[in-house]
$ cat start-v9.cif   # mmCIF, C-alpha atoms and all ligand atoms
data_structure
#
loop_
_atom_site.label_atom_id
_atom_site.label_comp_id
_atom_site.auth_asym_id
_atom_site.auth_seq_id
_atom_site.Cartn_x
_atom_site.Cartn_y
_atom_site.Cartn_z
CA MET O 1 -96.56 16.30 86.82
CA GLN O 2 -94.91 18.12 83.93
CA VAL O 3 -96.71 18.21 80.58
CA ALA O 4 -95.23 18.68 77.11
CA LEU O 5 -97.78 20.61 75.06
CA PHE O 6 -97.58 20.70 71.26
CA GLY O 7 -99.97 23.12 69.54
CA ALA O 8 -100.13 25.41 72.58
CA SER O 9 -100.58 28.57 70.51
CA GLY O 10 -103.87 27.37 68.99
CA GLY O 11 -107.40 27.70 70.31
CA THR O 12 -107.45 24.35 72.10
CA GLY O 13 -103.79 24.72 73.08
CA GLN O 14 -104.45 27.97 74.92
CA CYS O 15 -107.41 26.47 76.78
CA VAL O 16 -105.37 23.40 77.69
CA ALA O 17 -102.40 25.51 78.85
CA ALA O 18 -104.66 27.65 81.04
CA ALA O 19 -106.41 24.60 82.50
CA LEU O 20 -103.13 22.81 83.21
CA LEU O 21 -101.57 25.83 84.90
CA GLY O 22 -104.77 26.40 86.87
CA GLU O 23 -104.52 22.88 88.26
CA GLY O 24 -100.85 23.24 89.20
CA PHE O 25 -99.28 21.24 86.38
CA LYS O 26 -95.92 22.37 85.02
CA VAL O 27 -96.04 22.94 81.26
CA LYS O 28 -93.43 23.02 78.51
CA ALA O 29 -94.71 24.20 75.13
CA LEU O 30 -93.09 24.09 71.71
CA CYS O 31 -94.22 27.04 69.57
CA ARG O 32 -93.21 28.40 66.18
CA ASN O 33 -93.84 31.90 67.49
CA ALA O 34 -93.11 32.35 71.19
CA ALA O 35 -94.96 35.70 71.19
CA ALA O 36 -98.22 33.77 70.72
CA MET O 37 -97.83 32.65 74.33
CA ASP O 38 -97.27 36.13 75.80
CA ASP O 39 -100.44 35.78 77.91
CA PHE O 40 -98.69 32.98 79.80
CA ALA O 41 -95.31 34.73 80.14
CA GLY O 42 -93.39 33.39 83.12
CA GLU O 43 -96.02 30.72 83.86
CA LEU O 44 -94.79 28.03 81.51
CA THR O 45 -91.61 27.10 79.65
CA ILE O 46 -91.64 28.03 75.97
CA ILE O 47 -89.35 26.37 73.49
CA GLN O 48 -89.33 28.19 70.17
CA GLY O 49 -89.07 25.91 67.15
CA GLU O 50 -90.77 23.85 64.48
CA LEU O 51 -92.53 20.56 65.10
CA SER O 52 -90.19 18.99 62.53
CA ASP O 53 -87.13 20.03 64.57
CA LYS O 54 -86.12 16.87 66.45
CA LYS O 55 -83.84 18.80 68.80
CA ALA O 56 -86.59 21.24 69.77
CA VAL O 57 -89.09 18.39 70.25
CA HIS O 58 -86.59 16.52 72.41
CA GLU O 59 -85.90 19.63 74.49
CA THR O 60 -89.63 20.13 74.99
CA LEU O 61 -90.19 16.55 76.13
CA CYS O 62 -87.17 16.43 78.42
CA GLY O 63 -88.32 16.11 82.05
CA CYS O 64 -91.99 15.65 81.11
CA ASP O 65 -94.32 12.86 82.22
CA VAL O 66 -97.10 13.35 79.69
CA THR O 67 -97.48 14.62 76.12
CA ILE O 68 -100.50 16.45 74.76
CA CYS O 69 -100.76 17.13 71.02
CA VAL O 70 -103.42 19.61 69.90
CA PHE O 71 -101.84 20.95 66.72
CA GLY O 72 -103.61 20.86 63.39
CA PRO O 73 -103.59 22.52 59.99
CA HIS O 74 -104.88 26.00 59.13
CA LEU O 75 -106.64 26.98 55.92
CA PRO O 76 -105.76 26.70 53.04
CA TYR O 77 -104.51 23.30 54.28
CA THR O 78 -101.36 23.35 52.20
CA ASP O 79 -99.09 22.52 55.17
CA ILE O 80 -99.13 18.75 55.57
CA PHE O 81 -97.26 18.10 58.80
CA CYS O 82 -99.27 16.25 61.43
CA ALA O 83 -98.11 12.67 60.78
CA GLU O 84 -94.45 13.63 60.51
CA ALA O 85 -94.59 15.78 63.65
CA THR O 86 -96.34 13.02 65.58
CA ALA O 87 -93.72 10.49 64.49
CA VAL O 88 -90.95 12.80 65.70
CA ILE O 89 -92.71 13.25 69.05
CA VAL O 90 -93.31 9.51 69.49
CA GLU O 91 -89.69 8.71 68.69
CA SER O 92 -88.48 11.28 71.20
CA MET O 93 -90.93 10.06 73.86
CA HIS O 94 -89.50 6.55 73.54
CA LYS O 95 -85.95 7.87 73.85
CA LEU O 96 -86.81 9.84 76.97
CA GLY O 97 -89.11 7.26 78.58
CA VAL O 98 -92.23 9.46 78.41
CA HIS O 99 -95.11 6.99 78.19
CA ARG O 100 -98.44 8.87 78.14
CA LEU O 101 -99.66 10.49 74.90
CA ILE O 102 -102.96 12.29 74.39
CA CYS O 103 -103.49 13.43 70.82
CA GLN O 104 -106.39 15.41 69.38
CA THR O 105 -107.40 14.94 65.75
CA GLY O 106 -111.10 15.38 64.98
CA ALA O 107 -114.42 13.69 64.27
CA MET O 108 -113.88 14.20 60.53
CA VAL O 109 -110.52 12.43 60.51
CA GLY O 110 -110.20 8.82 59.41
CA ASP O 111 -112.57 6.00 58.60
CA TYR O 112 -115.30 6.04 61.27
CA PRO O 113 -118.63 5.80 59.38
CA ASP O 114 -120.37 4.21 62.39
CA ASN O 115 -119.72 7.32 64.49
CA ARG O 116 -121.08 9.70 61.86
CA SER O 117 -124.53 10.64 60.67
CA LEU O 118 -125.04 10.21 56.93
CA ALA O 119 -124.82 13.98 56.47
CA LEU O 120 -121.54 14.23 58.39
CA GLN O 121 -120.10 11.29 56.47
CA LYS O 122 -121.07 13.03 53.23
CA MET O 123 -119.28 16.17 54.47
CA VAL O 124 -116.20 14.11 55.34
CA ASP O 125 -116.19 12.52 51.87
CA LEU O 126 -116.41 15.94 50.20
CA PHE O 127 -113.65 17.34 52.43
CA ASN O 128 -111.38 14.36 51.77
CA ASN O 129 -111.93 14.65 48.01
CA ARG O 130 -110.95 18.28 48.18
CA TYR O 131 -107.94 17.79 50.48
CA PRO O 132 -106.74 14.22 49.87
CA ALA O 133 -103.18 14.78 51.15
CA LEU O 134 -104.53 16.27 54.37
CA ALA O 135 -106.96 13.38 54.84
CA VAL O 136 -104.14 10.85 54.42
CA ASP O 137 -101.86 12.82 56.75
CA ARG O 138 -104.35 12.93 59.60
CA SER O 139 -105.34 9.29 59.27
CA GLU O 140 -101.66 8.46 59.33
CA GLN O 141 -101.25 10.63 62.43
CA GLU O 142 -103.87 8.48 64.19
CA ARG O 143 -102.23 5.28 62.97
CA ILE O 144 -98.87 6.44 64.36
CA VAL O 145 -100.44 7.16 67.75
CA ARG O 146 -102.28 3.81 67.89
CA SER O 147 -99.18 1.84 66.91
CA SER O 148 -96.82 3.89 69.09
CA GLY O 149 -96.55 1.36 71.90
CA LEU O 150 -97.28 4.26 74.26
CA LEU O 151 -100.17 4.77 76.66
CA TRP O 152 -102.20 6.70 74.12
CA THR O 153 -105.62 8.29 73.85
CA ILE O 154 -106.99 9.91 70.68
CA LEU O 155 -109.53 12.72 71.05
CA LYS O 156 -111.93 13.26 68.16
CA PRO O 157 -114.13 16.25 68.94
CA PRO O 158 -116.66 17.58 66.44
CA ARG O 159 -116.71 21.32 65.56
CA LEU O 160 -114.90 23.23 68.31
CA THR O 161 -116.41 26.29 69.92
CA THR O 162 -115.34 28.97 72.39
CA GLY O 163 -118.15 28.12 74.82
CA HIS O 164 -117.91 27.45 78.54
CA VAL O 165 -117.03 24.20 80.26
CA ASN O 166 -119.75 21.56 80.13
CA GLU O 167 -119.10 19.12 82.98
CA GLU O 168 -121.69 16.75 81.50
CA ILE O 169 -119.99 16.33 78.14
CA GLU O 170 -120.60 12.94 76.53
CA VAL O 171 -117.41 11.04 75.71
CA GLY O 172 -117.15 7.62 74.11
CA CYS O 173 -115.76 5.38 71.41
CA ASP O 174 -119.23 4.64 70.00
CA LEU O 175 -120.71 8.13 70.29
CA PRO O 176 -122.62 9.23 67.16
CA VAL O 177 -121.89 12.76 65.93
CA GLY O 178 -123.55 14.86 63.25
CA VAL O 179 -123.00 18.05 61.29
CA LEU O 180 -124.51 20.16 64.07
CA SER O 181 -122.51 18.51 66.87
CA SER O 182 -120.03 20.63 68.76
CA ALA O 183 -117.82 20.72 71.83
CA SER O 184 -116.13 23.71 73.42
CA ARG O 185 -112.36 23.86 73.62
CA ALA O 186 -112.71 24.73 77.30
CA THR O 187 -114.68 21.54 77.85
CA ILE O 188 -112.05 19.46 76.08
CA ALA O 189 -109.35 21.08 78.25
CA HIS O 190 -111.37 20.44 81.41
CA TRP O 191 -111.91 16.79 80.43
CA LEU O 192 -108.20 16.40 79.66
CA ILE O 193 -107.23 17.49 83.15
CA ARG O 194 -109.53 14.90 84.68
CA GLU O 195 -108.08 12.23 82.39
CA LEU O 196 -104.54 13.18 83.45
CA GLN O 197 -105.51 13.03 87.10
CA HIS O 198 -107.47 9.76 86.77
CA PRO O 199 -106.46 7.94 83.56
CA SER O 200 -109.36 5.82 82.38
CA HIS O 201 -109.24 6.01 78.58
CA ILE O 202 -105.85 4.55 77.68
CA GLY O 203 -105.87 2.89 74.27
CA GLU O 204 -109.19 4.50 73.31
CA THR O 205 -110.27 6.65 70.37
CA LEU O 206 -112.87 9.00 71.79
CA PHE O 207 -115.64 11.11 70.29
CA PHE O 208 -117.07 14.09 72.17
CA LEU O 209 -120.48 15.74 72.26
CA ASP O 210 -121.28 18.86 74.30
N1 LIG V 1 -111.48 23.87 64.69
C1 LIG V 1 -112.35 22.89 64.79
O1 LIG V 1 -113.59 23.09 64.73
C2 LIG V 1 -111.86 21.49 65.02
C3 LIG V 1 -112.80 20.46 65.11
C4 LIG V 1 -112.35 19.17 65.43
C5 LIG V 1 -110.99 18.92 65.60
N2 LIG V 1 -110.11 19.95 65.45
C6 LIG V 1 -108.68 19.63 65.67
O2 LIG V 1 -108.39 19.94 67.02
C7 LIG V 1 -107.04 20.41 67.13
C8 LIG V 1 -107.04 21.82 67.69
O3 LIG V 1 -107.87 22.64 66.90
P1 LIG V 1 -107.95 24.23 67.15
O4 LIG V 1 -108.97 24.76 66.17
O5 LIG V 1 -108.13 24.52 68.59
O6 LIG V 1 -106.48 24.63 66.71
P2 LIG V 1 -105.96 25.95 65.98
O7 LIG V 1 -106.45 27.16 66.71
O8 LIG V 1 -106.24 25.85 64.52
O9 LIG V 1 -104.39 25.81 66.26
C9 LIG V 1 -103.61 24.94 65.51
C10 LIG V 1 -102.29 24.74 66.18
O10 LIG V 1 -101.47 23.97 65.28
C11 LIG V 1 -100.27 24.73 64.99
N3 LIG V 1 -99.89 24.60 63.60
C12 LIG V 1 -100.63 24.82 62.50
N4 LIG V 1 -99.90 24.64 61.39
C13 LIG V 1 -98.65 24.29 61.82
C14 LIG V 1 -97.44 23.94 61.17
N5 LIG V 1 -97.36 23.90 59.83
N6 LIG V 1 -96.37 23.63 61.93
C15 LIG V 1 -96.44 23.66 63.28
N7 LIG V 1 -97.55 23.97 63.95
C16 LIG V 1 -98.64 24.28 63.23
C17 LIG V 1 -100.64 26.16 65.26
O11 LIG V 1 -99.44 26.88 65.47
P3 LIG V 1 -99.30 28.42 65.01
O12 LIG V 1 -100.04 29.21 66.05
O13 LIG V 1 -97.84 28.63 65.00
O14 LIG V 1 -99.93 28.52 63.65
C18 LIG V 1 -101.52 26.04 66.48
O15 LIG V 1 -100.75 25.87 67.65
C19 LIG V 1 -106.47 20.30 65.73
O16 LIG V 1 -105.90 19.03 65.57
C20 LIG V 1 -107.70 20.42 64.85
O17 LIG V 1 -107.51 19.84 63.58
C21 LIG V 1 -110.51 21.22 65.18
#
$ encode --input "start-v9.cif" --output "structure tokens"
Amino acid sequence: MQVALFGASGGTGQCVAAALLGEGFKVKALCRNAAAMDDFAGELTIIQGELSDKKAVHETLCGCDVTICVFGPHLPYTDIFCAEATAVIVESMHKLGVHRLICQTGAMVGDYPDNRSLALQKMVDLFNNRYPALAVDRSEQERIVRSSGLLWTILKPPRLTTGHVNEEIEVGCDLPVGVLSSASRATIAHWLIRELQHPSHIGETLFFLD
């Protein structure tokens, strides 16, 4: 199976790339800065380009069976790009007949009060008031995935850490998360591999708790 990985240069992206390669998957990654993937030189195919570049996105997806999106904004959150990039990826997937899409957003994205403690919901409200364009962009990213007509799964981890793999991670649509909740990027990557090998969460929006 060949995987198109978007956001490979980030913390989760690097864990996912390592986990995929470790399990024998072929990987194509679109990166703004190819040098960020030097640790994987020769192990995966790097396409250098922007997420808004339709040609580069198409080239990345060509020959792939699955798409994984783990990109997201950096501070100071002035780059608003996730919804547009996701729309470009979805459009290209349809053109190429790539059907499976796994997209990571976060527990703080969107309108999910039932999954959040009161304190976390308060934090989300404050964050969204401070970064309204970002909040709209990420909710729109989720909407695009859900309405894509693809075999999609949305991953909504809480605060991400650099900890080890937790095989017993809790995953679910109804999982309650709080301000102290966390999940390691390595655990997310490990879970992703299992989901690729045995798809069982198609059409689900999943929360995680290490
Ligand atoms: N950090 C957390 O605690 C946390 C918690 C829950 C959910 N999340 C979400 O989980 C996902 C992965 O998080 P992470 O912390 O592992 O990622 P990260 O290390 O912040 O990496 C972000 C990735 O997005 C790319 N990116 C950022 N701005 C971009 C732009 N304007 N155009 C194109 N690419 C851009 C980065 O590329 P460059 O290397 O080129 O900048 C990088 O590959 C994100 O969606 C994030 O929002 C994060």
$ residues_around --input "start-v9.cif" --residues "Leu134 in chain O" --least-positions-apart "2" --cutoff "12 Å" --atoms "only C-alpha atoms" --output "list in words"
Gly72, Pro73, His74, Leu75, Pro76, Tyr77, Thr78, Asp79, Ile80, Phe81, Cys82, Ala83, Thr105, Met108, Val109, Gly110, Val124, Phe127, Asn128, Asn129, Arg130, Tyr131, Pro132, Val136, Asp137, Arg138, Ser139, Glu140 and Gln141 of chain O
$ residues_near_ligand --input "start-v9.cif" --ligand "ligand LIG 1 (chain V)" --cutoff "6 Å" --atoms "only C-alpha atoms and all ligand atoms" --output "PyMOL selection string"
chain O and resi 7-12+32-33+50-51+70-74+79+81+104-107+157-160
$ residues_around --input "start-v9.cif" --residues "Ile188 in chain O" --least-positions-apart "5" --cutoff "9 Å" --atoms "all atoms listed in the file" --output "CSV table (one decimal) with C-alpha atoms, in the frame of the given file"
chain,number,residue,atom,x,y,z
O,12,THR,CA,-107.4,24.4,72.1
O,15,CYS,CA,-107.4,26.5,76.8
O,16,VAL,CA,-105.4,23.4,77.7
O,155,LEU,CA,-109.5,12.7,71.0
O,157,PRO,CA,-114.1,16.2,68.9
O,165,VAL,CA,-117.0,24.2,80.3
O,166,ASN,CA,-119.8,21.6,80.1
O,169,ILE,CA,-120.0,16.3,78.1
O,183,ALA,CA,-117.8,20.7,71.8
O,193,ILE,CA,-107.2,17.5,83.2
O,208,PHE,CA,-117.1,14.1,72.2
$ closest_residue --input "start-v9.cif" --among "O:Gly178, O:Gly13, O:Gly49, O:Gly24" --to "Asp114 in chain O" --atoms "only C-alpha atoms"
O:Gly178
$ residues_around --input "start-v9.cif" --residues "Ala56 in chain O" --least-positions-apart "4" --cutoff "12 Å" --atoms "all atoms listed in the file" --output "list in words"
Ala4, Phe6, Lys28, Ala29, Leu30, Cys31, Arg32, Ile46, Ile47, Gln48, Gly49, Glu50, Leu51, Ser52, Thr60, Leu61, Cys62, Ala85, Val88, Ile89 and Ser92 of chain O
$ atom_distance --input "start-v9.cif" --atom1 "CA of His201 in chain O" --atom2 "CA of Val177 in chain O"
19.1 Å
$ atom_distance --input "start-v9.cif" --atom1 "CA of Thr86 in chain O" --atom2 "CA of Val27 in chain O"
18.6 Å
$ axis_aligned_box --input "start-v9.cif" --around "range 5-15 of chain O" --padding-each-side "4 Å" --output "AutoDock Vina command-line options"
--center_x -102.5 --center_y 24.6 --center_z 72.9 --size_x 17.9 --size_y 16.0 --size_z 15.8
$ closest_residue --input "start-v9.cif" --among "O:Val179, O:Val57, O:Ala19, O:Ala41" --to "Glu91 in chain O" --atoms "only C-alpha atoms"
O:Val57
$ atom_distance --input "start-v9.cif" --atom1 "CA of Leu150 in chain O" --atom2 "CA of Gly203 in chain O"
8.7 Å
$ closest_residue --input "start-v9.cif" --among "O:Leu151, O:Met1, O:Ile102, O:Leu118" --to "Leu206 in chain O" --atoms "all atoms listed in the file"
O:Ile102
$ decode --input "start-v9.cif" --residues "range 48-187 of chain O" --atoms "C-alpha atoms" --output "compact mmCIF listing (two decimals), in the first residue's frame"
# COMPACT_ATOMS: atom_id res chain seq x y z
CA GLN O 48 8.64 19.73 -2.62
CA GLY O 49 5.80 22.23 -2.82
CA GLU O 50 2.98 24.07 -1.12
CA LEU O 51 -0.29 22.49 -0.04
CA SER O 52 -2.08 25.07 -2.21
CA ASP O 53 -0.21 23.87 -5.32
CA LYS O 54 -2.69 21.60 -7.11
CA LYS O 55 0.00 20.14 -9.34
CA ALA O 56 2.21 19.20 -6.40
CA VAL O 57 -0.75 17.72 -4.51
CA HIS O 58 -1.74 15.70 -7.58
CA GLU O 59 1.82 14.46 -8.04
CA THR O 60 1.93 13.40 -4.38
CA LEU O 61 -1.34 11.48 -4.61
CA CYS O 62 -0.54 9.80 -7.91
CA GLY O 63 -0.18 6.04 -7.36
CA CYS O 64 -1.31 6.19 -3.73
CA ASP O 65 -4.06 4.14 -2.09
CA VAL O 66 -4.53 6.17 1.08
CA THR O 67 -4.17 9.80 2.18
CA ILE O 68 -3.11 10.93 5.63
CA CYS O 69 -3.34 14.63 6.54
CA VAL O 70 -1.55 15.73 9.71
CA PHE O 71 -0.77 19.35 8.86
CA GLY O 72 -1.84 22.22 11.06
CA PRO O 73 -1.02 25.83 11.81
CA HIS O 74 1.97 27.14 13.78
CA LEU O 75 1.96 30.11 16.13
CA PRO O 76 1.16 32.98 15.65
CA TYR O 77 -1.68 31.33 13.68
CA THR O 78 -1.69 33.90 10.92
CA ASP O 79 -1.51 31.28 8.13
CA ILE O 80 -5.07 30.12 7.48
CA PHE O 81 -4.72 27.22 5.08
CA CYS O 82 -6.17 23.95 6.35
CA ALA O 83 -9.62 24.06 4.71
CA GLU O 84 -8.27 25.17 1.34
CA ALA O 85 -5.50 22.56 1.38
CA THR O 86 -7.95 19.83 2.34
CA ALA O 87 -10.30 20.83 -0.48
CA VAL O 88 -7.43 20.63 -2.97
CA ILE O 89 -6.47 17.19 -1.66
CA VAL O 90 -10.05 15.89 -1.77
CA GLU O 91 -10.54 17.15 -5.32
CA SER O 92 -7.32 15.48 -6.44
CA MET O 93 -8.22 12.23 -4.64
CA HIS O 94 -11.49 12.09 -6.58
CA LYS O 95 -9.68 12.69 -9.86
CA LEU O 96 -7.19 9.93 -9.15
CA GLY O 97 -9.60 7.45 -7.58
CA VAL O 98 -7.94 7.49 -4.15
CA HIS O 99 -10.75 6.69 -1.71
CA ARG O 100 -9.39 6.52 1.85
CA LEU O 101 -8.72 9.75 3.79
CA ILE O 102 -7.53 10.01 7.38
CA CYS O 103 -7.31 13.59 8.61
CA GLN O 104 -6.11 14.86 11.98
CA THR O 105 -7.52 18.07 13.42
CA GLY O 106 -7.76 18.24 17.21
CA ALA O 107 -10.00 17.99 20.26
CA MET O 108 -10.28 21.78 20.38
CA VAL O 109 -11.54 22.05 16.80
CA GLY O 110 -15.24 22.44 16.05
CA ASP O 111 -18.45 22.22 18.01
CA TYR O 112 -18.17 19.17 20.28
CA PRO O 113 -19.27 20.34 23.77
CA ASP O 114 -20.35 16.82 24.75
CA ASN O 115 -16.79 15.54 24.34
CA ARG O 116 -15.27 18.30 26.45
CA SER O 117 -15.08 19.02 30.14
CA LEU O 118 -16.42 22.45 31.11
CA ALA O 119 -12.86 23.69 31.60
CA LEU O 120 -11.75 22.49 28.17
CA GLN O 121 -14.83 24.00 26.54
CA LYS O 122 -14.01 27.29 28.25
CA MET O 123 -10.47 27.06 26.86
CA VAL O 124 -11.85 26.35 23.38
CA ASP O 125 -14.17 29.37 23.61
CA LEU O 126 -11.28 31.63 24.64
CA PHE O 127 -9.06 30.27 21.86
CA ASN O 128 -11.78 30.70 19.24
CA ASN O 129 -12.43 34.28 20.38
CA ARG O 130 -8.76 35.03 20.01
CA TYR O 131 -8.31 33.25 16.65
CA PRO O 132 -11.74 33.33 14.97
CA ALA O 133 -10.43 32.85 11.41
CA LEU O 134 -8.44 29.81 12.51
CA ALA O 135 -11.45 28.34 14.32
CA VAL O 136 -13.62 28.74 11.21
CA ASP O 137 -10.88 27.30 8.98
CA ARG O 138 -10.45 24.13 11.01
CA SER O 139 -14.17 23.54 11.41
CA GLU O 140 -14.47 23.97 7.67
CA GLN O 141 -11.63 21.49 7.19
CA GLU O 142 -13.64 18.90 9.12
CA ARG O 143 -16.80 19.72 7.16
CA ILE O 144 -14.92 19.22 3.88
CA VAL O 145 -13.66 15.82 5.04
CA ARG O 146 -17.10 14.68 6.24
CA SER O 147 -18.82 15.78 3.03
CA SER O 148 -16.03 14.52 0.76
CA GLY O 149 -17.80 11.35 -0.33
CA LEU O 150 -14.56 9.53 0.51
CA LEU O 151 -13.91 6.80 3.07
CA TRP O 152 -12.89 9.28 5.74
CA THR O 153 -11.87 9.25 9.38
CA ILE O 154 -11.21 12.38 11.45
CA LEU O 155 -8.75 12.14 14.35
CA LYS O 156 -9.20 14.60 17.20
CA PRO O 157 -6.43 14.06 19.73
CA PRO O 158 -6.04 16.28 22.79
CA ARG O 159 -2.64 17.87 23.60
CA LEU O 160 0.06 15.94 21.75
CA THR O 161 3.19 14.74 23.50
CA THR O 162 6.48 13.09 22.54
CA GLY O 163 5.84 10.07 24.78
CA HIS O 164 6.06 6.41 23.89
CA VAL O 165 3.43 4.25 22.24
CA ASN O 166 0.50 3.35 24.46
CA GLU O 167 -1.12 0.24 23.01
CA GLU O 168 -4.09 0.71 25.35
CA ILE O 169 -5.03 4.17 24.11
CA GLU O 170 -8.75 4.92 24.37
CA VAL O 171 -10.35 5.90 21.07
CA GLY O 172 -13.97 6.80 20.48
CA CYS O 173 -16.57 9.19 19.13
CA ASP O 174 -18.06 9.78 22.60
CA LEU O 175 -14.82 9.94 24.59
CA PRO O 176 -14.72 12.83 27.09
CA VAL O 177 -11.50 14.86 27.16
CA GLY O 178 -10.30 17.57 29.52
CA VAL O 179 -7.60 20.20 29.81
CA LEU O 180 -5.13 17.68 31.22
CA SER O 181 -5.82 15.01 28.58
CA SER O 182 -3.01 14.06 26.25
CA ALA O 183 -1.94 11.52 23.66
CA SER O 184 1.53 10.90 22.28
CA ARG O 185 2.22 11.41 18.60
CA ALA O 186 3.85 7.98 18.55
CA THR O 187 0.64 6.45 19.86
